[in-house]
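Below: coords.pdb (PDB, N, CA and C atoms)
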MODEL        1
ATOM      1  N   ILE A 132      16.799  11.028   4.866
ATOM      2  CA  ILE A 132      16.555  10.247   3.667
ATOM      3  C   ILE A 132      16.055  11.203   2.586
ATOM      4  N   HIS A 133      16.709  11.199   1.456
ATOM      5  CA  HIS A 133      16.349  12.111   0.378
ATOM      6  C   HIS A 133      15.608  11.394  -0.735
ATOM      7  N   ARG A 134      14.711  12.132  -1.375
ATOM      8  CA  ARG A 134      14.017  11.583  -2.548
ATOM      9  C   ARG A 134      15.053  11.147  -3.567
ATOM     10  N   GLY A 135      14.756  10.053  -4.216
ATOM     11  CA  GLY A 135      15.658   9.564  -5.251
ATOM     12  C   GLY A 135      16.703   8.588  -4.750
ATOM     13  N   THR A 136      16.899   8.494  -3.447
ATOM     14  CA  THR A 136      17.857   7.528  -2.916
ATOM     15  C   THR A 136      17.174   6.166  -2.783
ATOM     16  N   PRO A 137      17.946   5.099  -2.817
ATOM     17  CA  PRO A 137      17.335   3.764  -2.701
ATOM     18  C   PRO A 137      16.540   3.573  -1.407
ATOM     19  N   GLN A 138      16.952   4.242  -0.349
ATOM     20  CA  GLN A 138      16.283   4.069   0.942
ATOM     21  C   GLN A 138      14.970   4.843   1.046
ATOM     22  N   TYR A 139      14.734   5.774   0.161
ATOM     23  CA  TYR A 139      13.555   6.633   0.272
ATOM     24  C   TYR A 139      12.253   5.826   0.203
ATOM     25  N   GLY A 140      12.160   4.907  -0.740
ATOM     26  CA  GLY A 140      10.954   4.089  -0.863
ATOM     27  C   GLY A 140      10.702   3.260   0.388
ATOM     28  N   GLU A 141      11.778   2.709   0.945
ATOM     29  CA  GLU A 141      11.650   1.923   2.176
ATOM     30  C   GLU A 141      11.183   2.799   3.333
ATOM     31  N   TRP A 142      11.687   4.030   3.383
ATOM     32  CA  TRP A 142      11.297   4.954   4.441
ATOM     33  C   TRP A 142       9.815   5.318   4.316
ATOM     34  N   VAL A 143       9.353   5.571   3.095
ATOM     35  CA  VAL A 143       7.940   5.894   2.875
ATOM     36  C   VAL A 143       7.065   4.724   3.322
ATOM     37  N   ILE A 144       7.450   3.508   2.952
ATOM     38  CA  ILE A 144       6.681   2.320   3.341
ATOM     39  C   ILE A 144       6.656   2.169   4.859
ATOM     40  N   ALA A 145       7.774   2.370   5.513
ATOM     41  CA  ALA A 145       7.820   2.257   6.980
ATOM     42  C   ALA A 145       6.894   3.275   7.629
ATOM     43  N   CYS A 146       6.886   4.494   7.129
ATOM     44  CA  CYS A 146       6.004   5.527   7.674
ATOM     45  C   CYS A 146       4.538   5.173   7.433
ATOM     46  N   LEU A 147       4.224   4.739   6.226
ATOM     47  CA  LEU A 147       2.844   4.371   5.912
ATOM     48  C   LEU A 147       2.397   3.168   6.724
ATOM     49  N   ASP A 148       3.280   2.198   6.866
ATOM     50  CA  ASP A 148       2.938   0.982   7.600
ATOM     51  C   ASP A 148       2.545   1.301   9.038
ATOM     52  N   GLY A 149       3.273   2.210   9.658
ATOM     53  CA  GLY A 149       2.968   2.579  11.033
ATOM     54  C   GLY A 149       1.641   3.306  11.179
ATOM     55  N   ALA A 150       1.249   4.039  10.169
ATOM     56  CA  ALA A 150       0.012   4.818  10.222
ATOM     57  C   ALA A 150      -1.131   4.158   9.450
ATOM     58  N   TRP A 151      -0.897   3.001   8.868
ATOM     59  CA  TRP A 151      -1.848   2.374   7.960
ATOM     60  C   TRP A 151      -3.267   2.245   8.522
ATOM     61  N   PRO A 152      -3.462   1.706   9.740
ATOM     62  CA  PRO A 152      -4.834   1.594  10.250
ATOM     63  C   PRO A 152      -5.552   2.953  10.357
ATOM     64  N   LYS A 153      -4.833   3.989  10.732
ATOM     65  CA  LYS A 153      -5.452   5.315  10.814
ATOM     66  C   LYS A 153      -5.774   5.864   9.431
ATOM     67  N   LEU A 154      -4.936   5.552   8.457
ATOM     68  CA  LEU A 154      -5.133   6.075   7.106
ATOM     69  C   LEU A 154      -6.261   5.372   6.365
ATOM     70  N   VAL A 155      -6.345   4.056   6.484
ATOM     71  CA  VAL A 155      -7.324   3.304   5.694
ATOM     72  C   VAL A 155      -8.446   2.697   6.520
ATOM     73  N   GLY A 156      -8.336   2.765   7.834
ATOM     74  CA  GLY A 156      -9.347   2.154   8.707
ATOM     75  C   GLY A 156      -8.897   0.767   9.140
ATOM     76  N   ASP A 157      -9.324   0.385  10.332
ATOM     77  CA  ASP A 157      -8.893  -0.891  10.903
ATOM     78  C   ASP A 157      -9.295  -2.097  10.055
ATOM     79  N   ARG A 158     -10.514  -2.079   9.548
ATOM     80  CA  ARG A 158     -11.017  -3.229   8.784
ATOM     81  C   ARG A 158     -10.187  -3.452   7.514
ATOM     82  N   LEU A 159      -9.956  -2.394   6.776
ATOM     83  CA  LEU A 159      -9.173  -2.511   5.544
ATOM     84  C   LEU A 159      -7.704  -2.807   5.845
ATOM     85  N   ALA A 160      -7.190  -2.251   6.928
ATOM     86  CA  ALA A 160      -5.786  -2.481   7.297
ATOM     87  C   ALA A 160      -5.507  -3.955   7.593
ATOM     88  N   LYS A 161      -6.536  -4.697   7.961
ATOM     89  CA  LYS A 161      -6.360  -6.122   8.253
ATOM     90  C   LYS A 161      -6.231  -6.967   6.990
ATOM     91  N   VAL A 162      -6.647  -6.424   5.843
ATOM     92  CA  VAL A 162      -6.639  -7.228   4.621
ATOM     93  C   VAL A 162      -5.705  -6.706   3.532
ATOM     94  N   CYS A 163      -5.057  -5.564   3.765
ATOM     95  CA  CYS A 163      -4.097  -5.058   2.786
ATOM     96  C   CYS A 163      -3.028  -4.239   3.497
ATOM     97  N   ARG A 164      -1.899  -4.068   2.804
ATOM     98  CA  ARG A 164      -0.806  -3.310   3.408
ATOM     99  C   ARG A 164       0.082  -2.720   2.316
ATOM    100  N   PRO A 165       0.766  -1.633   2.631
ATOM    101  CA  PRO A 165       1.697  -1.053   1.657
ATOM    102  C   PRO A 165       2.971  -1.885   1.619
ATOM    103  N   VAL A 166       3.459  -2.185   0.402
ATOM    104  CA  VAL A 166       4.657  -3.020   0.323
ATOM    105  C   VAL A 166       5.799  -2.407  -0.483
ATOM    106  N   ARG A 167       5.482  -1.503  -1.411
ATOM    107  CA  ARG A 167       6.566  -0.926  -2.218
ATOM    108  C   ARG A 167       6.168   0.459  -2.706
ATOM    109  N   PHE A 168       7.153   1.359  -2.716
ATOM    110  CA  PHE A 168       6.938   2.713  -3.221
ATOM    111  C   PHE A 168       8.085   3.040  -4.172
ATOM    112  N   VAL A 169       7.751   3.172  -5.459
ATOM    113  CA  VAL A 169       8.758   3.455  -6.474
ATOM    114  C   VAL A 169       8.184   4.477  -7.455
ATOM    115  N   ARG A 170       8.944   5.533  -7.710
ATOM    116  CA  ARG A 170       8.557   6.566  -8.680
ATOM    117  C   ARG A 170       7.129   7.059  -8.476
ATOM    118  N   SER A 171       6.800   7.371  -7.264
ATOM    119  CA  SER A 171       5.504   7.935  -6.882
ATOM    120  C   SER A 171       4.343   6.953  -6.948
ATOM    121  N   GLU A 172       4.632   5.670  -7.166
ATOM    122  CA  GLU A 172       3.563   4.666  -7.190
ATOM    123  C   GLU A 172       3.668   3.780  -5.958
ATOM    124  N   LEU A 173       2.544   3.602  -5.289
ATOM    125  CA  LEU A 173       2.467   2.744  -4.116
ATOM    126  C   LEU A 173       1.840   1.419  -4.510
ATOM    127  N   LEU A 174       2.510   0.329  -4.162
ATOM    128  CA  LEU A 174       1.943  -1.000  -4.358
ATOM    129  C   LEU A 174       1.328  -1.442  -3.045
ATOM    130  N   VAL A 175       0.067  -1.793  -3.110
ATOM    131  CA  VAL A 175      -0.662  -2.281  -1.947
ATOM    132  C   VAL A 175      -0.916  -3.768  -2.162
ATOM    133  N   GLU A 176      -0.493  -4.559  -1.199
ATOM    134  CA  GLU A 176      -0.671  -6.002  -1.269
ATOM    135  C   GLU A 176      -1.961  -6.382  -0.548
ATOM    136  N   ILE A 177      -2.797  -7.147  -1.244
ATOM    137  CA  ILE A 177      -4.047  -7.626  -0.652
ATOM    138  C   ILE A 177      -3.781  -9.011  -0.086
ATOM    139  N   LEU A 178      -4.093  -9.179   1.184
ATOM    140  CA  LEU A 178      -3.770 -10.426   1.868
ATOM    141  C   LEU A 178      -4.849 -11.485   1.707
ATOM    142  N   ASP A 179      -6.056 -11.067   1.338
ATOM    143  CA  ASP A 179      -7.187 -11.974   1.193
ATOM    144  C   ASP A 179      -7.811 -11.728  -0.178
ATOM    145  N   ASN A 180      -7.739 -12.707  -1.050
ATOM    146  CA  ASN A 180      -8.221 -12.579  -2.420
ATOM    147  C   ASN A 180      -9.673 -12.094  -2.490
ATOM    148  N   GLY A 181     -10.473 -12.404  -1.495
ATOM    149  CA  GLY A 181     -11.871 -11.993  -1.474
ATOM    150  C   GLY A 181     -12.058 -10.481  -1.392
ATOM    151  N   TRP A 182     -11.022  -9.757  -1.038
ATOM    152  CA  TRP A 182     -11.098  -8.305  -0.905
ATOM    153  C   TRP A 182     -10.594  -7.555  -2.139
ATOM    154  N   THR A 183     -10.169  -8.262  -3.152
ATOM    155  CA  THR A 183      -9.559  -7.620  -4.318
ATOM    156  C   THR A 183     -10.443  -6.550  -4.931
ATOM    157  N   GLU A 184     -11.670  -6.879  -5.260
ATOM    158  CA  GLU A 184     -12.560  -5.911  -5.911
ATOM    159  C   GLU A 184     -12.879  -4.738  -4.986
ATOM    160  N   ALA A 185     -13.064  -5.013  -3.710
ATOM    161  CA  ALA A 185     -13.368  -3.941  -2.758
ATOM    162  C   ALA A 185     -12.217  -2.946  -2.674
ATOM    163  N   VAL A 186     -11.001  -3.453  -2.572
ATOM    164  CA  VAL A 186      -9.832  -2.570  -2.480
ATOM    165  C   VAL A 186      -9.671  -1.784  -3.782
ATOM    166  N   LYS A 187      -9.836  -2.452  -4.915
ATOM    167  CA  LYS A 187      -9.729  -1.755  -6.205
ATOM    168  C   LYS A 187     -10.771  -0.651  -6.319
ATOM    169  N   SER A 188     -11.974  -0.901  -5.848
ATOM    170  CA  SER A 188     -13.026   0.119  -5.946
ATOM    171  C   SER A 188     -12.759   1.305  -5.020
ATOM    172  N   LEU A 189     -11.975   1.084  -3.988
ATOM    173  CA  LEU A 189     -11.649   2.150  -3.041
ATOM    174  C   LEU A 189     -10.390   2.932  -3.412
ATOM    175  N   LYS A 190      -9.733   2.550  -4.504
ATOM    176  CA  LYS A 190      -8.478   3.202  -4.883
ATOM    177  C   LYS A 190      -8.569   4.732  -4.953
ATOM    178  N   PRO A 191      -9.603   5.319  -5.560
ATOM    179  CA  PRO A 191      -9.653   6.793  -5.610
ATOM    180  C   PRO A 191      -9.715   7.434  -4.216
ATOM    181  N   ILE A 192     -10.469   6.825  -3.325
ATOM    182  CA  ILE A 192     -10.585   7.348  -1.958
ATOM    183  C   ILE A 192      -9.266   7.169  -1.214
ATOM    184  N   LEU A 193      -8.672   5.988  -1.356
ATOM    185  CA  LEU A 193      -7.388   5.721  -0.700
ATOM    186  C   LEU A 193      -6.307   6.657  -1.219
ATOM    187  N   LEU A 194      -6.285   6.867  -2.521
ATOM    188  CA  LEU A 194      -5.277   7.749  -3.101
ATOM    189  C   LEU A 194      -5.386   9.154  -2.527
ATOM    190  N   LYS A 195      -6.590   9.647  -2.421
ATOM    191  CA  LYS A 195      -6.794  10.996  -1.881
ATOM    192  C   LYS A 195      -6.296  11.079  -0.427
ATOM    193  N   LYS A 196      -6.638  10.088   0.385
ATOM    194  CA  LYS A 196      -6.187  10.064   1.781
ATOM    195  C   LYS A 196      -4.665   9.980   1.870
ATOM    196  N   LEU A 197      -4.080   9.116   1.043
ATOM    197  CA  LEU A 197      -2.634   8.928   1.081
ATOM    198  C   LEU A 197      -1.897  10.143   0.538
ATOM    199  N   GLN A 198      -2.466  10.812  -0.434
ATOM    200  CA  GLN A 198      -1.851  12.043  -0.930
ATOM    201  C   GLN A 198      -1.860  13.120   0.145
ATOM    202  N   THR A 199      -2.939  13.202   0.881
ATOM    203  CA  THR A 199      -3.007  14.168   1.982
ATOM    204  C   THR A 199      -1.951  13.848   3.033
ATOM    205  N   ALA A 200      -1.802  12.574   3.352
ATOM    206  CA  ALA A 200      -0.850  12.155   4.389
ATOM    207  C   ALA A 200       0.601  12.297   3.954
ATOM    208  N   THR A 201       0.860  12.272   2.643
ATOM    209  CA  THR A 201       2.244  12.291   2.156
ATOM    210  C   THR A 201       2.583  13.542   1.355
ATOM    211  N   SER A 202       1.784  14.572   1.483
ATOM    212  CA  SER A 202       1.996  15.808   0.711
ATOM    213  C   SER A 202       2.116  15.516  -0.786
ATOM    214  N   CYS A 203       1.232  14.671  -1.261
ATOM    215  CA  CYS A 203       1.125  14.301  -2.686
ATOM    216  C   CYS A 203       2.335  13.547  -3.234
ATOM    217  N   GLU A 204       3.089  12.883  -2.378
ATOM    218  CA  GLU A 204       4.200  12.048  -2.849
ATOM    219  C   GLU A 204       3.673  10.869  -3.668
ATOM    220  N   ILE A 205       2.530  10.332  -3.250
ATOM    221  CA  ILE A 205       1.953   9.183  -3.942
ATOM    222  C   ILE A 205       1.062   9.703  -5.065
ATOM    223  N   LYS A 206       1.394   9.312  -6.285
ATOM    224  CA  LYS A 206       0.633   9.752  -7.461
ATOM    225  C   LYS A 206      -0.328   8.678  -7.953
ATOM    226  N   SER A 207      -0.009   7.415  -7.656
ATOM    227  CA  SER A 207      -0.883   6.326  -8.093
ATOM    228  C   SER A 207      -0.737   5.143  -7.141
ATOM    229  N   ILE A 208      -1.749   4.293  -7.197
ATOM    230  CA  ILE A 208      -1.773   3.084  -6.375
ATOM    231  C   ILE A 208      -2.024   1.895  -7.295
ATOM    232  N   SER A 209      -1.255   0.851  -7.108
ATOM    233  CA  SER A 209      -1.557  -0.410  -7.769
ATOM    234  C   SER A 209      -1.771  -1.451  -6.679
ATOM    235  N   VAL A 210      -2.555  -2.455  -6.992
ATOM    236  CA  VAL A 210      -2.846  -3.493  -6.004
ATOM    237  C   VAL A 210      -2.482  -4.851  -6.576
ATOM    238  N   ALA A 211      -2.062  -5.736  -5.702
ATOM    239  CA  ALA A 211      -1.712  -7.100  -6.094
ATOM    240  C   ALA A 211      -2.093  -8.031  -4.954
ATOM    241  N   VAL A 212      -2.570  -9.206  -5.313
ATOM    242  CA  VAL A 212      -2.902 -10.213  -4.315
ATOM    243  C   VAL A 212      -1.625 -10.939  -3.932
ATOM    244  N   ARG A 213      -1.428 -11.096  -2.635
ATOM    245  CA  ARG A 213      -0.240 -11.795  -2.147
ATOM    246  C   ARG A 213      -0.250 -13.230  -2.654
ATOM    247  N   GLN A 214       0.869 -13.649  -3.170
ATOM    248  CA  GLN A 214       1.029 -15.021  -3.646
ATOM    249  C   GLN A 214       1.338 -15.904  -2.450
ATOM    250  N   GLN A 215       0.509 -16.886  -2.227
ATOM    251  CA  GLN A 215       0.730 -17.786  -1.106
ATOM    252  C   GLN A 215       1.518 -18.988  -1.566
ATOM    253  N   MET A 216       2.424 -19.422  -0.704
ATOM    254  CA  MET A 216       3.255 -20.563  -1.025
ATOM    255  C   MET A 216       2.443 -21.836  -0.784
ATOM    256  N   ILE A 217       2.426 -22.704  -1.753
ATOM    257  CA  ILE A 217       1.707 -23.974  -1.626
ATOM    258  C   ILE A 217       2.742 -25.080  -1.436
ATOM    259  N   THR A 218       2.546 -25.862  -0.402
ATOM    260  CA  THR A 218       3.480 -26.957  -0.153
ATOM    261  C   THR A 218       2.731 -28.275  -0.244
ATOM    262  N   ASN A 219       3.411 -29.278  -0.711
ATOM    263  CA  ASN A 219       2.831 -30.625  -0.781
ATOM    264  C   ASN A 219       3.145 -31.339   0.529
ATOM    265  N   THR A 220       2.116 -31.924   1.099
ATOM    266  CA  THR A 220       2.333 -32.675   2.340
ATOM    267  C   THR A 220       1.990 -34.109   2.174
TER     268      THR A 220
ENDMDL
END
Translate this structure into structure tokens?
Amino acid sequence: IHRGTPQYGEWVIACLDGAWPKLVGDRLAKVCRPVRFVRSELLVEILDNGWTEAVKSLKPILLKKLQTATSCEIKSISVAVRQQMITNT
């Protein structure tokens, strides 16, 4: 898989996903996950809205760890809260 190909971002996410608990710690891995990698930016999805501020405050530390793990492929991190589907019952 080469940089710049459509599959490259998916490959980076698959690699990060497999190593995520080791990279960010078990506790944080339970509440967020990598979901998209485009143009050196990693999107991290927060699964629990209560963790939004905590994850945002950890961005500099996470970025440093992820840069080490990816040979500086990741230049920035953005975070988003997962949108939950609401159904009427």
As an exercise, work out the distance from atom N of A:Trp182 to atom C of A:Gln138 in Å and give it to one decimal place.
29.9 Å
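Pairwise distance (atom CA of A:Ser171, atom CA of A:Leu194) equals 11.4 Å.
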With all atoms of stretch 181-190 of chain A from the file as input, state the centre and edge lengths in Å to one decimal of the axis-aligned box that has 8 Å extra on each side, as lines of an AutoDock Vina configuration file.
center_x = -10.9
center_y = -3.8
center_z = -3.6
size_x = 20.9
size_y = 33.1
size_z = 21.4
Report as a PDB file with N, CA and C atoms, in the frame of the given file the residues that result from applying the PyMOL selection byres (((chain A and resi 200-213 and name CA) around 9) and name CA) to the structure here.
ATOM      1  N   VAL A 143       9.353   5.571   3.095  1.00  0.00           N
ATOM      2  CA  VAL A 143       7.940   5.894   2.875  1.00  0.00           C
ATOM      3  C   VAL A 143       7.065   4.724   3.322  1.00  0.00           C
ATOM      4  N   LEU A 147       4.224   4.739   6.226  1.00  0.00           N
ATOM      5  CA  LEU A 147       2.844   4.371   5.912  1.00  0.00           C
ATOM      6  C   LEU A 147       2.397   3.168   6.724  1.00  0.00           C
ATOM      7  N   LEU A 154      -4.936   5.552   8.457  1.00  0.00           N
ATOM      8  CA  LEU A 154      -5.133   6.075   7.106  1.00  0.00           C
ATOM      9  C   LEU A 154      -6.261   5.372   6.365  1.00  0.00           C
ATOM     10  N   CYS A 163      -5.057  -5.564   3.765  1.00  0.00           N
ATOM     11  CA  CYS A 163      -4.097  -5.058   2.786  1.00  0.00           C
ATOM     12  C   CYS A 163      -3.028  -4.239   3.497  1.00  0.00           C
ATOM     13  N   PHE A 168       7.153   1.359  -2.716  1.00  0.00           N
ATOM     14  CA  PHE A 168       6.938   2.713  -3.221  1.00  0.00           C
ATOM     15  C   PHE A 168       8.085   3.040  -4.172  1.00  0.00           C
ATOM     16  N   ARG A 170       8.944   5.533  -7.710  1.00  0.00           N
ATOM     17  CA  ARG A 170       8.557   6.566  -8.680  1.00  0.00           C
ATOM     18  C   ARG A 170       7.129   7.059  -8.476  1.00  0.00           C
ATOM     19  N   SER A 171       6.800   7.371  -7.264  1.00  0.00           N
ATOM     20  CA  SER A 171       5.504   7.935  -6.882  1.00  0.00           C
ATOM     21  C   SER A 171       4.343   6.953  -6.948  1.00  0.00           C
ATOM     22  N   GLU A 172       4.632   5.670  -7.166  1.00  0.00           N
ATOM     23  CA  GLU A 172       3.563   4.666  -7.190  1.00  0.00           C
ATOM     24  C   GLU A 172       3.668   3.780  -5.958  1.00  0.00           C
ATOM     25  N   LEU A 173       2.544   3.602  -5.289  1.00  0.00           N
ATOM     26  CA  LEU A 173       2.467   2.744  -4.116  1.00  0.00           C
ATOM     27  C   LEU A 173       1.840   1.419  -4.510  1.00  0.00           C
ATOM     28  N   LEU A 174       2.510   0.329  -4.162  1.00  0.00           N
ATOM     29  CA  LEU A 174       1.943  -1.000  -4.358  1.00  0.00           C
ATOM     30  C   LEU A 174       1.328  -1.442  -3.045  1.00  0.00           C
ATOM     31  N   VAL A 175       0.067  -1.793  -3.110  1.00  0.00           N
ATOM     32  CA  VAL A 175      -0.662  -2.281  -1.947  1.00  0.00           C
ATOM     33  C   VAL A 175      -0.916  -3.768  -2.162  1.00  0.00           C
ATOM     34  N   GLU A 176      -0.493  -4.559  -1.199  1.00  0.00           N
ATOM     35  CA  GLU A 176      -0.671  -6.002  -1.269  1.00  0.00           C
ATOM     36  C   GLU A 176      -1.961  -6.382  -0.548  1.00  0.00           C
ATOM     37  N   ILE A 177      -2.797  -7.147  -1.244  1.00  0.00           N
ATOM     38  CA  ILE A 177      -4.047  -7.626  -0.652  1.00  0.00           C
ATOM     39  C   ILE A 177      -3.781  -9.011  -0.086  1.00  0.00           C
ATOM     40  N   LEU A 178      -4.093  -9.179   1.184  1.00  0.00           N
ATOM     41  CA  LEU A 178      -3.770 -10.426   1.868  1.00  0.00           C
ATOM     42  C   LEU A 178      -4.849 -11.485   1.707  1.00  0.00           C
ATOM     43  N   ASP A 179      -6.056 -11.067   1.338  1.00  0.00           N
ATOM     44  CA  ASP A 179      -7.187 -11.974   1.193  1.00  0.00           C
ATOM     45  C   ASP A 179      -7.811 -11.728  -0.178  1.00  0.00           C
ATOM     46  N   ASN A 180      -7.739 -12.707  -1.050  1.00  0.00           N
ATOM     47  CA  ASN A 180      -8.221 -12.579  -2.420  1.00  0.00           C
ATOM     48  C   ASN A 180      -9.673 -12.094  -2.490  1.00  0.00           C
ATOM     49  N   THR A 183     -10.169  -8.262  -3.152  1.00  0.00           N
ATOM     50  CA  THR A 183      -9.559  -7.620  -4.318  1.00  0.00           C
ATOM     51  C   THR A 183     -10.443  -6.550  -4.931  1.00  0.00           C
ATOM     52  N   VAL A 186     -11.001  -3.453  -2.572  1.00  0.00           N
ATOM     53  CA  VAL A 186      -9.832  -2.570  -2.480  1.00  0.00           C
ATOM     54  C   VAL A 186      -9.671  -1.784  -3.782  1.00  0.00           C
ATOM     55  N   LYS A 187      -9.836  -2.452  -4.915  1.00  0.00           N
ATOM     56  CA  LYS A 187      -9.729  -1.755  -6.205  1.00  0.00           C
ATOM     57  C   LYS A 187     -10.771  -0.651  -6.319  1.00  0.00           C
ATOM     58  N   LYS A 190      -9.733   2.550  -4.504  1.00  0.00           N
ATOM     59  CA  LYS A 190      -8.478   3.202  -4.883  1.00  0.00           C
ATOM     60  C   LYS A 190      -8.569   4.732  -4.953  1.00  0.00           C
ATOM     61  N   PRO A 191      -9.603   5.319  -5.560  1.00  0.00           N
ATOM     62  CA  PRO A 191      -9.653   6.793  -5.610  1.00  0.00           C
ATOM     63  C   PRO A 191      -9.715   7.434  -4.216  1.00  0.00           C
ATOM     64  N   LEU A 193      -8.672   5.988  -1.356  1.00  0.00           N
ATOM     65  CA  LEU A 193      -7.388   5.721  -0.700  1.00  0.00           C
ATOM     66  C   LEU A 193      -6.307   6.657  -1.219  1.00  0.00           C
ATOM     67  N   LEU A 194      -6.285   6.867  -2.521  1.00  0.00           N
ATOM     68  CA  LEU A 194      -5.277   7.749  -3.101  1.00  0.00           C
ATOM     69  C   LEU A 194      -5.386   9.154  -2.527  1.00  0.00           C
ATOM     70  N   LYS A 195      -6.590   9.647  -2.421  1.00  0.00           N
ATOM     71  CA  LYS A 195      -6.794  10.996  -1.881  1.00  0.00           C
ATOM     72  C   LYS A 195      -6.296  11.079  -0.427  1.00  0.00           C
ATOM     73  N   LYS A 196      -6.638  10.088   0.385  1.00  0.00           N
ATOM     74  CA  LYS A 196      -6.187  10.064   1.781  1.00  0.00           C
ATOM     75  C   LYS A 196      -4.665   9.980   1.870  1.00  0.00           C
ATOM     76  N   LEU A 197      -4.080   9.116   1.043  1.00  0.00           N
ATOM     77  CA  LEU A 197      -2.634   8.928   1.081  1.00  0.00           C
ATOM     78  C   LEU A 197      -1.897  10.143   0.538  1.00  0.00           C
ATOM     79  N   GLN A 198      -2.466  10.812  -0.434  1.00  0.00           N
ATOM     80  CA  GLN A 198      -1.851  12.043  -0.930  1.00  0.00           C
ATOM     81  C   GLN A 198      -1.860  13.120   0.145  1.00  0.00           C
ATOM     82  N   THR A 199      -2.939  13.202   0.881  1.00  0.00           N
ATOM     83  CA  THR A 199      -3.007  14.168   1.982  1.00  0.00           C
ATOM     84  C   THR A 199      -1.951  13.848   3.033  1.00  0.00           C
ATOM     85  N   GLN A 214       0.869 -13.649  -3.170  1.00  0.00           N
ATOM     86  CA  GLN A 214       1.029 -15.021  -3.646  1.00  0.00           C
ATOM     87  C   GLN A 214       1.338 -15.904  -2.450  1.00  0.00           C
ATOM     88  N   GLN A 215       0.509 -16.886  -2.227  1.00  0.00           N
ATOM     89  CA  GLN A 215       0.730 -17.786  -1.106  1.00  0.00           C
ATOM     90  C   GLN A 215       1.518 -18.988  -1.566  1.00  0.00           C
TER      91      GLN A 215
END
For a test of reading the model, state the distance in Å between atom C of A:Val155 and atom N of A:Tyr139, rounded to one decimal.
24.2 Å
Point out the residue among A:Asp148, A:Leu189, A:His133, A:Trp142 with the least atom-to-atom distance to A:Lys161, counting only C-alpha atoms.
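Closest residue, counting only C-alpha atoms: A:Asp148.
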Taking the DSSP secondary structure from the backbone, can you list the residues of chain A that are helix (DSSP H, G or I), as a PyMOL selection string?
chain A and resi 137-155+157-160+180-188+190-200
May I have all residues of chain A that DSSP, computed from the backbone, assigns to strand (DSSP E or B), given as an MDAnalysis selection string?
chainID A and resid 163:169 172:177 207:212
Which of these, A:Val166, A:Ser188, A:Pro152, A:Leu159, has the shortest distance to A:Gly140 once you count only C-alpha atoms?
A:Val166
Check the smallest atom-to-atom distance from each of A:Cys146, A:Glu141, A:Gly135, A:Trp151 to A:Arg164 using only N, CA and C atoms, then report the winner.
A:Trp151
